[in-house]
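Asker: Take a look at the following structure, please.
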Amino acid sequence: MFAAGTEWQGRVSIWHRVAVSCAVFASIAAWSAAVRAQEPAAAEVAMSREQFRAGMDAARQNHWEDALRAFTRAYELFPRVPTLLNIGTAQAQTARVVEAAETYRRFLREATSPPASAQRPAAESALRDVERRISRATLTIDGLLDGDTVQLDGRRLPRAMLGSAMPINPGSHTLVVTRGSTEVGRSTFDAAEGATREVSIRAAAIQASAVVTPPASAVVVSTPSTARVVASLSAERAANAHASPPPARGGVLSSPVFWVISGLVVAGGATAGIYFGVFAPRAGSPYIGNLGTGQVTLP
């Protein structure tokens with residue numbers, strides 16, 4: 001029994017070593033394939049070399065903006081560690097000392113083997129130089145709301161950088177605070193090399209637009225009872241709208257002069273009628289007198 005168990009354990013140990021060996025070989029093969037996939041093509045390497053030479057020519061002529069663009073393109077095409085030193089130097093020459101310091105630190109992290117490691121002392125000296133040139137500013141904003149956006153030189157600024165001395169490049173800077181699409185604060189300031197200054201602005205409050213509110217007497221609370229009253233009033237108004245309009249007041253018939261004149265005209269007409277009907281003689285008409293009823297014929 002013991003011999004059988006020992007033989008079984010031996011077989012398991014052998015298979016375990018085989019599995020581990022296969023896993024190691026598979027990992028090495030995958031890593032080699034990834035390295036080959038990350039290697040730039042020959043055309044990219046050639047163009048990177050051309051851009052590096054263009055950057056060197058521009059640097060010799062003190063055209064540091066052109067040199068910075070060329071060195072940056074060369075590194076993007078073929079990321080060689082020594083190129084970082086050239087990028088950092090061009091950044092320092094164009095007053096981008098904050099970016100230059102970070103580039104030198106990156107070179108020191110990655111330059112761990114020859115020939116790049118031979119340039120570490122030069123990189124450390126350049127880093128100390130640009131760190132002395134970095135300016136600092138403490139930005140304070142009063143009245144800042146949660147939804148406000150803070151921008152420094154057109155780039156959004158995290159809230160964690162407010163209230164503390166933050167590294168900035170020397171030169172002119174613009175601080176802007178926006179609330180939605182409205183600018184509520186702005187400040188332009190200058191920073192000298194190696195100097196520290198404080199900048200404080202206030203975010204102005206936005207006046208709310210006026211809202212027209214109906215008076216309390218015009219507010220109607222809808223309830224079943226009020227609905228019946230409103231329906232009754234509506235029906236009554238509709239009936240009155242179709243009814244004949246009442247006679248207008250203040251016309252001729254309501255004038256007392258009209259009625260006096262009308263009375264005089266009527267009285268005059270009656271008097272004339274009596275006169276012509278009683279006293280005026282008419283041919284062929286009976287004559288009424290004290291002789292009785294008769295008729296007199298004139299010759």
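Simple scheme: letters A, B, ... for chains in structure tokens order, numbers from 1 for residues in each chain, numbers from 1 for ligands in the order shown.
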Got a sec: who's within 12 Å of Glu124 (chain A), counting only C-alpha atoms, leaving out chain neighbours fewer than 2 positions off, as a short mmCIF file (atom, residue, chain, number, x, y, z; two decimals) with N, CA and C atoms, in the first residue's frame?
Answerer:
data_model
loop_
_atom_site.label_atom_id
_atom_site.label_comp_id
_atom_site.auth_asym_id
_atom_site.auth_seq_id
_atom_site.Cartn_x
_atom_site.Cartn_y
_atom_site.Cartn_z
N LEU A 85 14.71 63.83 -22.43
CA LEU A 85 15.59 64.93 -22.02
C LEU A 85 15.45 66.12 -22.97
N GLY A 88 12.08 67.85 -22.28
CA GLY A 88 12.14 68.65 -21.06
C GLY A 88 12.91 69.94 -21.26
N ALA A 100 8.08 70.77 -17.72
CA ALA A 100 9.47 70.31 -17.82
C ALA A 100 9.88 69.51 -16.60
N ALA A 101 9.46 69.96 -15.43
CA ALA A 101 9.80 69.21 -14.21
C ALA A 101 9.22 67.80 -14.24
N GLU A 102 7.98 67.67 -14.70
CA GLU A 102 7.37 66.34 -14.78
C GLU A 102 8.06 65.47 -15.83
N THR A 103 8.50 66.07 -16.93
CA THR A 103 9.21 65.30 -17.96
C THR A 103 10.54 64.79 -17.43
N TYR A 104 11.28 65.63 -16.69
CA TYR A 104 12.55 65.19 -16.12
C TYR A 104 12.33 64.07 -15.09
N ARG A 105 11.27 64.17 -14.30
CA ARG A 105 10.98 63.11 -13.33
C ARG A 105 10.65 61.79 -14.05
N ARG A 106 9.95 61.88 -15.15
CA ARG A 106 9.63 60.67 -15.91
C ARG A 106 10.90 60.05 -16.47
N PHE A 107 11.81 60.90 -16.96
CA PHE A 107 13.07 60.36 -17.47
C PHE A 107 13.84 59.64 -16.37
N LEU A 108 13.87 60.22 -15.17
CA LEU A 108 14.59 59.59 -14.07
C LEU A 108 13.95 58.26 -13.66
N ARG A 109 12.64 58.13 -13.81
CA ARG A 109 11.98 56.86 -13.48
C ARG A 109 12.30 55.78 -14.51
N ALA A 111 14.94 55.88 -16.94
CA ALA A 111 16.34 55.73 -17.34
C ALA A 111 17.08 54.88 -16.32
N SER A 117 20.83 55.81 -18.66
CA SER A 117 21.18 56.02 -17.26
C SER A 117 22.40 56.92 -17.09
N ALA A 118 23.23 57.02 -18.11
CA ALA A 118 24.40 57.90 -18.03
C ALA A 118 24.00 59.37 -17.98
N GLN A 119 22.78 59.69 -18.41
CA GLN A 119 22.31 61.08 -18.41
C GLN A 119 21.53 61.45 -17.14
N ARG A 120 21.47 60.59 -16.19
CA ARG A 120 20.72 60.87 -14.97
C ARG A 120 21.26 62.09 -14.22
N PRO A 121 22.58 62.26 -14.03
CA PRO A 121 23.06 63.47 -13.34
C PRO A 121 22.62 64.75 -14.04
N ALA A 122 22.66 64.79 -15.37
CA ALA A 122 22.24 65.98 -16.10
C ALA A 122 20.74 66.23 -15.89
N ALA A 126 19.00 69.55 -14.16
CA ALA A 126 17.97 70.31 -14.87
C ALA A 126 16.68 70.37 -14.07
N LEU A 127 16.34 69.29 -13.37
CA LEU A 127 15.13 69.27 -12.56
C LEU A 127 15.21 70.29 -11.42
N ARG A 128 16.37 70.37 -10.76
CA ARG A 128 16.52 71.34 -9.67
C ARG A 128 16.40 72.77 -10.21
N ASP A 129 16.89 73.00 -11.40
CA ASP A 129 16.84 74.34 -11.98
C ASP A 129 15.40 74.77 -12.28
N VAL A 130 14.63 73.89 -12.91
CA VAL A 130 13.26 74.28 -13.27
C VAL A 130 12.36 74.36 -12.04
N GLU A 131 12.64 73.58 -11.03
CA GLU A 131 11.83 73.65 -9.81
C GLU A 131 11.98 75.02 -9.14
#
Asker: Pick out the residues sitting within 12 Å of Phe71 (chain A), and hand them over as number ranges by chain; count only C-alpha atoms, and ignore anything fewer than 4 positions along from it in its own chain.
Answerer: A: 47-59, 64-67, 75-91
Asker: Go through A:Thr196, A:Gly163, A:Leu175, A:Ala203 and flag the residue nearest Asp146 (chain A), using only C-alpha atoms for the distances.
Answerer: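 Distance minimum relative to Asp146 (chain A) lands on A:Ala203.
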Asker: Show me, as a list in words, the residues that have an atom within 8 Å of Met166 (chain A) when counting only C-alpha atoms, minus same-chain residues fewer than 3 positions from it.
Answerer: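 Here the answer would be Arg136, Ala137, Thr138 and Met161 of chain A.
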Asker: In Å, with one decimal, what is the gap from CA of Gln151 (chain A) to CA of Val176 (chain A)?
Answerer: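 Going from CA of Gln151 (chain A) over to CA of Val176 (chain A) covers 5.3 Å.
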Asker: Please extract the residues of region 116-192 of chain A with a backbone DSSP assignment of strand (DSSP E or B) and present them as a PyMOL selection string.
Answerer: chain A and resi 135-142+149-152+155-156+165-168+171-179+182-191
Asker: Quick one: of A:Arg202, A:Arg179, A:His63, A:Arg197, who's nearest to Asp142 (chain A), counting only C-alpha atoms?
Answerer: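 Checking each of A:Arg202, A:Arg179, A:His63, A:Arg197 against Asp142 (chain A), counting only C-alpha atoms, the winner is A:Arg202.
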Asker: If I take CA of Gln61 (chain A) and CA of Ala92 (chain A), how far is one from the other in Å, to one decimal?
Answerer: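 Between CA of Gln61 (chain A) and CA of Ala92 (chain A) the gap is 15.9 Å.
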Asker: Restricting the calculation to only C-alpha atoms, which member of A:Ala165, A:Ala116, A:Leu157, A:Val98 is positioned closest to Arg133 (chain A)?
Answerer: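 Answer, going by the shortest atom-to-atom distance: A:Val98.
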Asker: Tell me which protein, DNA and RNA residues are within 10 Å of Leu144 (chain A), counting only C-alpha atoms, leaving out same-chain ones fewer than 5 positions away, and put them as an mmCIF file with C-alpha atoms, in the first residue's frame.
Answerer:
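Contents of part.cif, freshly written:
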data_model
loop_
_atom_site.group_PDB
_atom_site.id
_atom_site.type_symbol
_atom_site.label_atom_id
_atom_site.label_comp_id
_atom_site.auth_asym_id
_atom_site.auth_seq_id
_atom_site.Cartn_x
_atom_site.Cartn_y
_atom_site.Cartn_z
ATOM 1 C CA THR A 149 -17.008 75.373 -13.143
ATOM 2 C CA VAL A 150 -13.558 76.823 -12.485
ATOM 3 C CA VAL A 177 -15.870 80.896 -12.950
ATOM 4 C CA THR A 178 -18.996 79.901 -14.878
ATOM 5 C CA ARG A 179 -22.421 78.904 -13.644
ATOM 6 C CA VAL A 184 -19.986 84.822 -12.761
ATOM 7 C CA GLY A 185 -16.338 85.621 -11.993
ATOM 8 C CA ILE A 201 -12.362 86.585 -6.521
ATOM 9 C CA ARG A 202 -16.072 86.400 -5.781
ATOM 10 C CA ALA A 203 -18.622 84.502 -7.826
ATOM 11 C CA ALA A 204 -21.482 86.919 -8.379
ATOM 12 C CA ALA A 205 -25.019 85.754 -7.694
#
Asker: Could you please determine the separation between CA of Asp148 (chain A) and CA of Arg186 (chain A) in Å, to one decimal place?
Answerer: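 Value for the CA of Asp148 (chain A)-CA of Arg186 (chain A) distance: 12.9 Å.
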